[in-house]
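Listing of run03.cif; format and content: mmCIF, C-alpha atoms.
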data_run
#
loop_
_atom_site.label_atom_id
_atom_site.label_comp_id
_atom_site.auth_asym_id
_atom_site.auth_seq_id
_atom_site.Cartn_x
_atom_site.Cartn_y
_atom_site.Cartn_z
CA ALA A 1 0.00 0.00 0.00
CA LEU A 2 1.09 3.54 -0.72
CA VAL A 3 -0.05 6.29 1.68
CA LEU A 4 0.04 9.79 0.22
CA GLN A 5 -0.42 13.11 2.02
CA SER A 6 -1.36 16.51 0.63
CA ALA A 7 -3.20 19.39 2.25
CA THR A 8 -4.83 20.61 -0.95
CA GLY A 9 -4.89 17.26 -2.72
CA SER A 10 -3.38 18.93 -5.77
CA SER A 11 0.40 18.84 -5.22
CA PHE A 12 1.80 17.55 -8.49
CA GLU A 13 4.51 15.40 -6.85
CA THR A 14 1.88 13.57 -4.80
CA LEU A 15 -0.40 13.13 -7.81
CA ASP A 16 2.49 11.69 -9.83
CA ALA A 17 3.31 9.28 -7.00
CA ALA A 18 -0.34 8.17 -6.83
CA ARG A 19 -0.41 7.45 -10.55
CA ARG A 20 2.86 5.54 -10.36
CA GLY A 21 1.64 3.51 -7.42
CA ALA A 22 -1.50 2.58 -9.33
CA GLU A 23 0.60 1.53 -12.32
CA LEU A 24 2.56 -0.79 -10.02
CA GLY A 25 -0.66 -2.36 -8.73
CA MET A 26 -0.36 -0.87 -5.24
CA THR A 27 -3.33 0.00 -3.07
CA THR A 28 -3.26 3.80 -2.72
CA VAL A 29 -4.56 5.74 0.29
CA ALA A 30 -4.75 9.54 0.48
CA ILE A 31 -4.72 11.60 3.69
CA THR A 32 -5.77 15.14 2.86
CA ASN A 33 -7.32 18.33 4.22
CA THR A 34 -9.53 18.94 1.19
CA ASP A 35 -12.71 17.19 0.05
CA ASP A 36 -13.21 16.16 -3.60
CA SER A 37 -9.61 16.85 -4.55
CA LEU A 38 -7.66 15.66 -7.58
CA LEU A 39 -5.78 13.28 -5.29
CA GLU A 40 -9.02 11.71 -4.07
CA LYS A 41 -9.94 10.94 -7.68
CA ALA A 42 -6.54 9.29 -8.26
CA VAL A 43 -6.47 6.86 -5.31
CA ASP A 44 -8.37 3.84 -4.03
CA HIS A 45 -9.20 5.22 -0.58
CA THR A 46 -9.26 8.71 0.95
CA ILE A 47 -9.22 9.93 4.55
CA ALA A 48 -10.16 13.61 4.38
CA PHE A 49 -10.55 16.09 7.22
CA PRO A 50 -11.20 19.58 5.77
CA THR A 51 -9.44 22.37 7.66
CA GLY A 52 -10.17 25.42 5.54
CA GLN A 53 -6.53 26.30 5.04
CA LYS A 54 -6.26 30.10 4.79
CA ALA A 55 -2.50 30.63 4.74
CA GLY A 56 0.57 28.73 3.59
CA PRO A 57 1.86 27.89 7.09
CA ASP A 58 -1.60 27.25 8.60
CA THR A 59 -1.07 25.44 11.91
CA CYS A 60 -4.14 23.22 11.58
CA VAL A 61 -3.02 21.33 8.46
CA ILE A 62 -0.05 19.18 9.48
CA PRO A 63 -1.27 18.36 13.03
CA THR A 64 -4.63 17.21 11.63
CA ARG A 65 -2.99 14.87 9.12
CA LEU A 66 -0.65 13.54 11.81
CA MET A 67 -3.70 12.73 13.95
CA LEU A 68 -5.27 10.88 11.03
CA LEU A 69 -2.03 9.04 10.33
CA CYS A 70 -1.77 7.95 13.98
CA GLN A 71 -5.34 6.68 13.92
CA LEU A 72 -4.68 4.71 10.74
CA MET A 73 -1.45 3.30 12.17
CA PHE A 74 -3.11 2.23 15.42
CA GLU A 75 -5.96 0.52 13.58
CA PHE A 76 -3.41 -1.45 11.58
CA GLY A 77 -1.71 -2.37 14.85
CA LYS A 78 -4.96 -3.72 16.32
CA ARG A 79 -5.71 -5.85 13.27
CA ARG A 80 -2.37 -7.53 12.74
CA PRO A 81 -2.32 -11.33 13.26
CA HIS A 82 -0.45 -10.63 16.49
CA PRO A 83 -1.84 -7.27 17.69
CA VAL A 84 0.72 -4.70 18.77
CA ARG A 85 0.86 -4.28 22.55
CA GLY A 86 -0.10 -0.96 24.05
CA VAL A 87 -2.14 0.37 21.14
CA GLU A 88 -5.16 0.97 23.39
CA SER A 89 -3.16 3.25 25.69
CA LEU A 90 -1.87 5.12 22.65
CA ASP A 91 -5.49 5.62 21.60
CA ALA A 92 -6.15 7.26 24.97
CA ASP A 93 -3.10 9.50 24.61
CA LEU A 94 -4.19 10.51 21.12
CA ALA A 95 -7.63 11.48 22.46
CA ALA A 96 -5.89 13.89 24.85
CA VAL A 97 -3.98 15.68 22.09
CA PRO A 98 -6.69 18.23 21.09
CA ASP A 99 -7.05 19.51 24.65
CA ILE A 100 -3.27 19.82 25.07
CA ALA A 101 -3.03 21.62 21.72
CA HIS A 102 -5.79 24.01 22.76
CA ARG A 103 -3.95 24.87 25.97
CA LEU A 104 -0.71 25.37 24.04
CA VAL A 105 -2.35 27.77 21.59
CA SER A 106 -4.30 29.60 24.30
CA GLY A 107 -1.09 30.57 26.10
CA HIS A 108 1.15 31.12 23.10
CA GLU A 109 1.69 34.89 23.47
CA ALA A 110 3.15 34.69 26.96
CA VAL A 111 5.37 31.70 26.19
CA PHE A 112 6.61 32.30 22.66
CA ALA A 113 6.77 36.08 22.16
CA PRO A 114 9.64 36.65 24.66
CA ILE A 115 11.64 33.75 23.20
CA ALA A 116 11.13 35.10 19.68
CA GLU A 117 12.32 38.57 20.73
CA ARG A 118 15.41 36.99 22.26
CA TYR A 119 16.34 34.93 19.18
CA ALA A 120 15.14 37.13 16.30
CA GLY A 121 18.72 38.13 15.47
CA GLN A 122 20.13 34.63 15.22
CA GLU A 123 21.90 33.55 12.03
CA VAL A 124 20.42 30.07 11.97
CA MET A 125 18.37 27.63 14.07
CA LEU A 126 19.68 24.08 14.56
CA VAL A 127 16.63 21.90 15.26
CA VAL A 128 17.00 18.42 16.78
CA GLY A 129 14.43 15.66 17.19
CA GLY A 130 14.76 11.93 17.76
CA GLY A 131 12.53 8.92 17.19
CA PRO A 132 9.06 9.90 16.00
CA ASN A 133 9.90 13.55 16.67
CA TRP A 134 12.47 13.63 13.90
CA PHE A 135 9.42 14.74 11.89
CA SER A 136 8.64 17.38 14.53
CA ALA A 137 12.11 18.83 13.96
CA LEU A 138 11.60 18.82 10.18
CA GLU A 139 8.24 20.59 10.42
CA ALA A 140 9.59 23.09 12.97
CA GLY A 141 12.51 23.92 10.70
CA LEU A 142 10.20 24.32 7.70
CA LYS A 143 7.76 26.62 9.50
CA ILE A 144 10.48 28.75 11.10
CA GLU A 145 11.97 29.30 7.64
CA GLU A 146 8.59 29.95 5.98
CA GLU A 147 7.26 32.30 8.63
CA SER A 148 10.38 34.24 9.63
CA SER A 149 13.00 33.74 6.87
CA THR A 150 15.35 32.32 9.51
CA PRO A 151 17.52 29.58 7.99
CA CYS A 152 17.24 26.21 9.75
CA ARG A 153 19.14 22.95 9.75
CA THR A 154 17.46 19.84 11.14
CA TYR A 155 19.10 16.81 12.72
CA THR A 156 18.46 13.56 14.47
CA PRO A 157 20.45 13.51 17.75
CA SER A 158 23.07 11.18 16.24
CA ASP A 159 23.49 13.44 13.20
CA TYR A 160 23.72 16.54 15.40
CA HIS A 161 26.70 15.15 17.30
CA HIS A 162 28.55 14.31 14.08
CA MET A 163 27.52 17.22 11.87
CA ALA A 164 26.75 20.32 13.91
CA ILE A 165 29.57 20.66 16.42
CA SER A 166 31.72 22.80 14.12
CA LEU A 167 28.74 25.15 13.58
CA LEU A 168 28.05 25.95 17.24
CA SER A 169 28.32 29.62 18.18
CA PRO A 170 26.42 32.27 20.18
CA ARG A 171 24.66 33.36 16.95
CA ARG A 172 23.30 29.87 16.17
CA THR A 173 20.56 28.58 18.43
CA THR A 174 19.99 24.89 19.09
CA MET A 175 16.36 23.84 19.63
CA VAL A 176 15.85 20.29 20.90
CA PHE A 177 12.67 18.25 21.24
CA ALA A 178 13.20 16.28 24.45
CA PRO A 179 10.01 14.28 25.16
CA ASN A 180 9.63 11.63 27.79
CA GLY A 181 10.66 8.37 26.16
CA PRO A 182 13.51 6.47 24.53
CA SER A 183 14.80 9.42 22.52
CA ALA A 184 15.12 11.72 25.55
CA SER A 185 18.60 10.66 26.69
CA ARG A 186 20.31 11.56 23.43
CA ALA A 187 18.28 14.77 23.19
CA ILE A 188 19.71 15.80 26.57
CA VAL A 189 23.23 15.08 25.31
CA SER A 190 22.49 17.35 22.33
CA LEU A 191 21.62 20.17 24.72
CA ARG A 192 24.77 19.66 26.74
CA THR A 193 26.83 19.60 23.55
CA ALA A 194 25.23 22.84 22.36
CA LYS A 195 25.93 24.62 25.64
CA GLU A 196 29.58 23.50 25.64
CA GLY A 197 29.90 24.89 22.11
CA GLY A 198 28.39 28.24 23.06
CA SER A 199 25.10 27.77 21.21
CA PRO A 200 22.00 29.22 22.94
CA THR A 201 19.54 26.42 23.71
CA ILE A 202 15.79 25.93 23.64
CA ALA A 203 14.38 22.68 25.09
CA VAL A 204 10.87 21.51 24.25
CA VAL A 205 9.64 19.25 27.07
CA GLN A 206 6.43 17.89 28.56
CA ASP A 207 4.95 18.44 31.99
CA GLU A 208 6.87 16.57 34.70
CA SER A 209 9.72 16.20 32.25
CA LEU A 210 13.43 16.60 32.71
CA ASP A 211 13.59 20.37 32.33
CA GLU A 212 15.07 20.77 35.82
CA VAL A 213 18.27 19.03 34.70
CA LEU A 214 18.41 20.28 31.13
CA SER A 215 19.61 23.76 32.15
CA ALA A 216 18.57 25.07 28.73
CA ASP A 217 18.49 28.82 28.23
CA HIS A 218 14.76 28.58 27.51
CA VAL A 219 12.30 25.76 28.17
CA ILE A 220 9.05 25.43 26.24
CA ARG A 221 6.83 23.16 28.26
CA ILE A 222 4.04 21.33 26.44
CA PRO A 223 1.00 21.54 28.79
CA GLY A 224 0.32 17.82 29.12
CA ARG A 225 2.05 14.49 28.88
CA VAL A 226 1.52 11.80 26.24
CA ASP A 227 3.60 8.99 24.79
CA GLU A 228 6.25 10.33 22.42
CA LEU A 229 4.66 8.25 19.63
CA VAL A 230 1.70 10.65 19.60
CA LEU A 231 3.53 13.83 20.58
CA ALA A 232 4.26 14.94 17.01
CA PRO A 233 0.90 16.70 16.37
CA ILE A 234 1.59 18.95 19.36
CA ALA A 235 5.36 19.20 18.94
CA THR A 236 4.99 20.40 15.35
CA MET A 237 2.74 23.19 16.61
CA VAL A 238 5.55 24.38 18.87
CA GLY A 239 7.72 24.98 15.82
CA GLN A 240 4.84 26.56 13.91
CA ILE A 241 3.99 29.00 16.70
CA LEU A 242 7.64 29.87 17.36
CA GLY A 243 8.10 30.55 13.64
CA TYR A 244 5.05 32.83 13.72
CA HIS A 245 6.41 34.91 16.60
CA LEU A 246 9.90 35.02 15.09
CA GLY A 247 8.32 36.40 11.92
CA LEU A 248 6.55 39.12 13.86
CA ALA A 249 9.70 39.96 15.82
CA LYS A 250 11.70 40.29 12.58
CA GLY A 251 9.05 42.31 10.77
CA PHE A 252 7.96 39.57 8.36
CA ASN A 253 4.39 38.61 7.51
CA PRO A 254 4.32 35.02 8.85
CA ASP A 255 1.33 34.01 6.72
CA CYS A 256 2.54 34.48 3.16
CA LEU A 257 5.82 32.50 2.79
CA GLY A 258 7.65 35.66 1.69
CA THR A 259 5.40 36.10 -1.36
CA ASP A 260 4.57 39.69 -0.37
CA ASP A 261 7.97 40.36 -1.98
CA ILE A 262 7.67 40.26 -5.78
CA GLY A 263 10.89 38.29 -6.22
CA HIS A 264 9.72 35.59 -3.85
CA ALA A 265 6.31 35.53 -5.52
CA ARG A 266 8.00 34.88 -8.86
CA ALA A 267 10.15 32.17 -7.30
CA TRP A 268 7.03 30.50 -5.87
CA LEU A 269 5.29 30.54 -9.26
CA ALA A 270 8.42 29.18 -10.94
CA SER A 271 8.29 26.15 -8.63
CA PHE A 272 4.50 25.87 -8.46
CA PRO A 273 2.66 27.25 -11.51
CA PHE A 274 -1.03 27.96 -10.93
CA GLY A 275 -2.98 24.76 -10.36
CA THR A 276 0.00 22.60 -9.32
CA HIS A 277 -0.03 23.07 -5.52
#
Since I need it in another form, could you write the structure as structure tokens?
Amino acid sequence: ALVLQSATGSSFETLDAARRGAELGMTTVAITNTDDSLLEKAVDHTIAFPTGQKAGPDTCVIPTRLMLLCQLMFEFGKRRPHPVRGVESLDADLAAVPDIAHRLVSGHEAVFAPIAERYAGQEVMLVVGGGPNWFSALEAGLKIEEESSTPCRTYTPSDYHHMAISLLSPRRTTMVFAPNGPSASRAIVSLRTAKEGGSPTIAVVQDESLDEVLSADHVIRIPGRVDELVLAPIATMVGQILGYHLGLAKGFNPDCLGTDDIGHARAWLASFPFGTH
């Protein structure tokens, strides 16, 4: 089976992949934020949850699809010949995600605006995430770049230790997702490494987490605790909201991906002609 994701259901790369999968005889499943899309017409099955996307970096789009992907994954786990242990508890954690996300968004001004003011002048953000939150790091890096024009590099913890040490400096912030779970120990080492190299540090942790021993310069505490396997919908929002506030602090419009500048608008249309994204 081939699972394809697209917010609009019209991204040409995803449509090409769907057609190729069909040619190979694969079962194709779309996860999208748009009803009656071109992608839906090209696949065997569609899971759609419309979000009414109003801006390029809309925070509702990726977290919604991650929720749908988790639900699909857990249902597969329950139906395997030997069901995966612990799926029921993951279901319960997933049900708690919307409330945690609501609390995160409700308090975003007080938490994120001061951090954004502090780091608005940084040259680059080095974003680290392990295990399932490798994706959280990727999405955070993408949104920080889109919303604030701050260059980002993203790493797994093992890559960070091998690739980023020579880059560490007071002008290059390291942001680490350090959830409770198997990936936490190496995330903590990433923070220690950053501090030894002179890089300012931001740790993203959960309630009752290890923030007391992280000694990061700033701690963003997610207001609730879930298994790290279902943390990504919330963790990605941390990067999205931080990118938004960094954009405001730097004087950028965080909603338009830089296309309020004519050069960037032309670049966008060169990559994505009308009707292809």
Exercise for review: Record the distance separating atom CA of A:Cys256 and atom CA of A:Gly130, expressed in Å with one decimal.
Suggested key: 29.5 Å
Review point. Given the file above and the PyMOL selection byres ((chain A and resi 181) around 12), which residues are selected, and can you give them as a list in words?
Key: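 Checking the PyMOL selection byres ((chain A and resi 181) around 12) against this file, the residues are Gly130, Gly131, Pro132, Asn133, Phe177, Ala178, Pro179, Asn180, Pro182, Ser183, Ala184, Ser185, Arg186, Ala187, Ile188, Val205, Gln206, Ser209, Leu210, Arg225, Val226, Asp227, Glu228, Leu229, Val230 and Leu231 of chain A.
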What are the nearest atom pairs, with distances in Å to one decimal, for all residues of stretch 190-266 of chain A that come at most 6 Å from stretch 95-102 of chain A, using only C-alpha atoms, set out by chain and rising residue number as a tab-separated table?
residue	atom	partner	partner_atom	distance
A:Pro223	CA	A:Ile100	CA	5.9
A:Gly224	CA	A:Ile100	CA	5.8
A:Ile234	CA	A:Ala101	CA	5.8
Practice item. Quick one: apply the PyMOL selection byres ((chain A and resi 44-46) around 10) to the file and drop the selected residues here as a ChimeraX atom specification. Key: /A:3-5,18,22,26-32,35-37,39-43,47-49
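Residue membership of the PyMOL selection byres ((chain A and resi 242) around 9) in the shown file amounts to His108, Phe112, Ala113, Ile115, Ala116, Ala140, Lys143, Ile144, Met237, Val238, Gly239, Gln240, Ile241, Gly243, Tyr244, His245, Leu246 and Gly247 of chain A.
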Saved selection, atoms kept: C-alpha atoms, as a compact mmCIF listing (two decimals), in the frame of the given file:
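Ended up saving to again-v5.txt:
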# COMPACT_ATOMS: atom_id res chain seq x y z
CA HIS A 108 1.15 31.12 23.10
CA PHE A 112 6.61 32.30 22.66
CA ALA A 113 6.77 36.08 22.16
CA ILE A 115 11.64 33.75 23.20
CA ALA A 116 11.13 35.10 19.68
CA ALA A 140 9.59 23.09 12.97
CA LYS A 143 7.76 26.62 9.50
CA ILE A 144 10.48 28.75 11.10
CA MET A 237 2.74 23.19 16.61
CA VAL A 238 5.55 24.38 18.87
CA GLY A 239 7.72 24.98 15.82
CA GLN A 240 4.84 26.56 13.91
CA ILE A 241 3.99 29.00 16.70
CA GLY A 243 8.10 30.55 13.64
CA TYR A 244 5.05 32.83 13.72
CA HIS A 245 6.41 34.91 16.60
CA LEU A 246 9.90 35.02 15.09
CA GLY A 247 8.32 36.40 11.92
Review point. Quick one, how far is atom CA of A:Leu66 from atom CA of A:Ala1?
Key: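 It comes out at 18.0 Å.
Compared by their closest atoms to A:Thr34, and using only C-alpha atoms, the residues A:Pro63, A:Pro170, A:Pro50, A:Gly107 rank with A:Pro50 nearest.
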Exercise for review: Extract, using only C-alpha atoms, all DNA, RNA and protein residues at most 12 Å from A:Val127, discarding same-chain residues fewer than 6 positions from it, and format them as a VMD selection string.
Suggested key: chain A and resid 133 to 145 150 to 157 159 to 160 164 172 to 178 187 190 to 191 194 199 to 204 236 238 to 239
Practice item. Work out how far atom CA of A:Ser10 is from atom CA of A:Thr276, in Å to one decimal. Key: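 Atom-to-atom, atom CA of A:Thr276 and atom CA of A:Ser10 are spaced 6.1 Å apart.
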Point to revise | Top pick for closest residue to A:Ala17, considering A:Asp91, A:Leu68, A:Leu2, A:Ala265 and counting all atoms listed in the file | key: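 Nearest to A:Ala17: A:Leu2.
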**Study point:** Residue among A:Thr8, A:Val84, A:Val111, A:Arg192 lying closest to A:Lys54, counting all atoms listed in the file
**Key:**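 Closest to A:Lys54 of all the choices is A:Thr8.
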Point to revise | Test item: residues at most 8 Å from A:Leu90, only C-alpha atoms, excluding those fewer than 2 positions along its chain, as a PyMOL selection string | key: chain A and resi 74+86-88+92-94+227+229-230
Expected axis-aligned box over every listed atom of stretch 270-277 of chain A, 8 Å added per side, centre plus edges in Å to one decimal, as JSON:
{"center_x": 2.7, "center_y": 25.9, "center_z": -8.5, "size_x": 27.4, "size_y": 22.6, "size_z": 22.0}
Study note, to complete from the structure: Among A:Pro254, A:Leu269, A:His161, A:Pro57, A:Leu126 is approached most closely, using only C-alpha atoms, by A:His161
Once all heavy atoms are restored for stretch 129-140 of chain A, what would the output be as a compact mmCIF listing (two decimals), in the coordinates of the input?
# COMPACT_ATOMS: atom_id res chain seq x y z
N GLY A 129 15.51 16.51 16.71
CA GLY A 129 14.43 15.66 17.19
C GLY A 129 14.74 14.21 16.92
O GLY A 129 15.22 13.86 15.84
N GLY A 130 14.47 13.35 17.90
CA GLY A 130 14.76 11.93 17.76
C GLY A 130 13.51 11.08 17.71
O GLY A 130 12.41 11.53 18.08
N GLY A 131 13.67 9.84 17.25
CA GLY A 131 12.53 8.92 17.19
C GLY A 131 11.42 9.51 16.34
O GLY A 131 11.67 10.11 15.29
N PRO A 132 10.16 9.37 16.79
CA PRO A 132 9.06 9.90 16.00
C PRO A 132 9.08 11.42 15.90
O PRO A 132 8.39 11.98 15.04
CB PRO A 132 7.81 9.43 16.76
CG PRO A 132 8.28 9.17 18.15
CD PRO A 132 9.69 8.70 18.02
N ASN A 133 9.85 12.09 16.73
CA ASN A 133 9.90 13.55 16.67
C ASN A 133 11.03 14.08 15.80
O ASN A 133 11.31 15.27 15.79
CB ASN A 133 9.95 14.12 18.09
CG ASN A 133 8.60 13.98 18.75
OD1 ASN A 133 7.64 14.64 18.37
ND2 ASN A 133 8.49 13.07 19.71
N TRP A 134 11.65 13.19 15.02
CA TRP A 134 12.47 13.63 13.90
C TRP A 134 11.58 14.43 12.95
O TRP A 134 11.97 15.48 12.44
CB TRP A 134 13.08 12.43 13.21
CG TRP A 134 13.64 12.61 11.82
CD1 TRP A 134 13.42 11.80 10.74
CD2 TRP A 134 14.56 13.61 11.36
NE1 TRP A 134 14.11 12.25 9.63
CE2 TRP A 134 14.83 13.36 9.99
CE3 TRP A 134 15.16 14.70 11.96
CZ2 TRP A 134 15.67 14.16 9.23
CZ3 TRP A 134 16.00 15.51 11.20
CH2 TRP A 134 16.25 15.23 9.85
N PHE A 135 10.33 13.97 12.74
CA PHE A 135 9.42 14.74 11.89
C PHE A 135 9.09 16.08 12.54
O PHE A 135 8.97 17.09 11.84
CB PHE A 135 8.13 13.98 11.61
CG PHE A 135 7.16 14.78 10.79
CD1 PHE A 135 7.26 14.80 9.41
CD2 PHE A 135 6.20 15.58 11.38
CE1 PHE A 135 6.41 15.58 8.64
CE2 PHE A 135 5.34 16.36 10.62
CZ PHE A 135 5.45 16.35 9.24
N SER A 136 8.93 16.11 13.85
CA SER A 136 8.64 17.38 14.53
C SER A 136 9.74 18.39 14.25
O SER A 136 9.47 19.58 14.04
CB SER A 136 8.50 17.15 16.03
OG SER A 136 7.50 16.19 16.32
N ALA A 137 10.99 17.93 14.26
CA ALA A 137 12.11 18.83 13.96
C ALA A 137 12.04 19.31 12.52
O ALA A 137 12.26 20.50 12.24
CB ALA A 137 13.43 18.11 14.21
N LEU A 138 11.70 18.43 11.59
CA LEU A 138 11.60 18.82 10.18
C LEU A 138 10.51 19.87 9.98
O LEU A 138 10.71 20.87 9.29
CB LEU A 138 11.30 17.59 9.32
CG LEU A 138 12.42 16.58 9.14
CD1 LEU A 138 11.89 15.34 8.42
CD2 LEU A 138 13.58 17.18 8.35
N GLU A 139 9.34 19.64 10.58
CA GLU A 139 8.24 20.59 10.42
C GLU A 139 8.56 21.92 11.11
O GLU A 139 8.25 22.99 10.59
CB GLU A 139 6.95 20.00 10.98
CG GLU A 139 5.76 20.94 11.00
CD GLU A 139 5.27 21.39 9.64
OE1 GLU A 139 5.76 20.87 8.62
OE2 GLU A 139 4.40 22.29 9.58
N ALA A 140 9.20 21.85 12.29
CA ALA A 140 9.59 23.09 12.97
C ALA A 140 10.56 23.90 12.11
O ALA A 140 10.41 25.12 11.95
CB ALA A 140 10.22 22.77 14.33
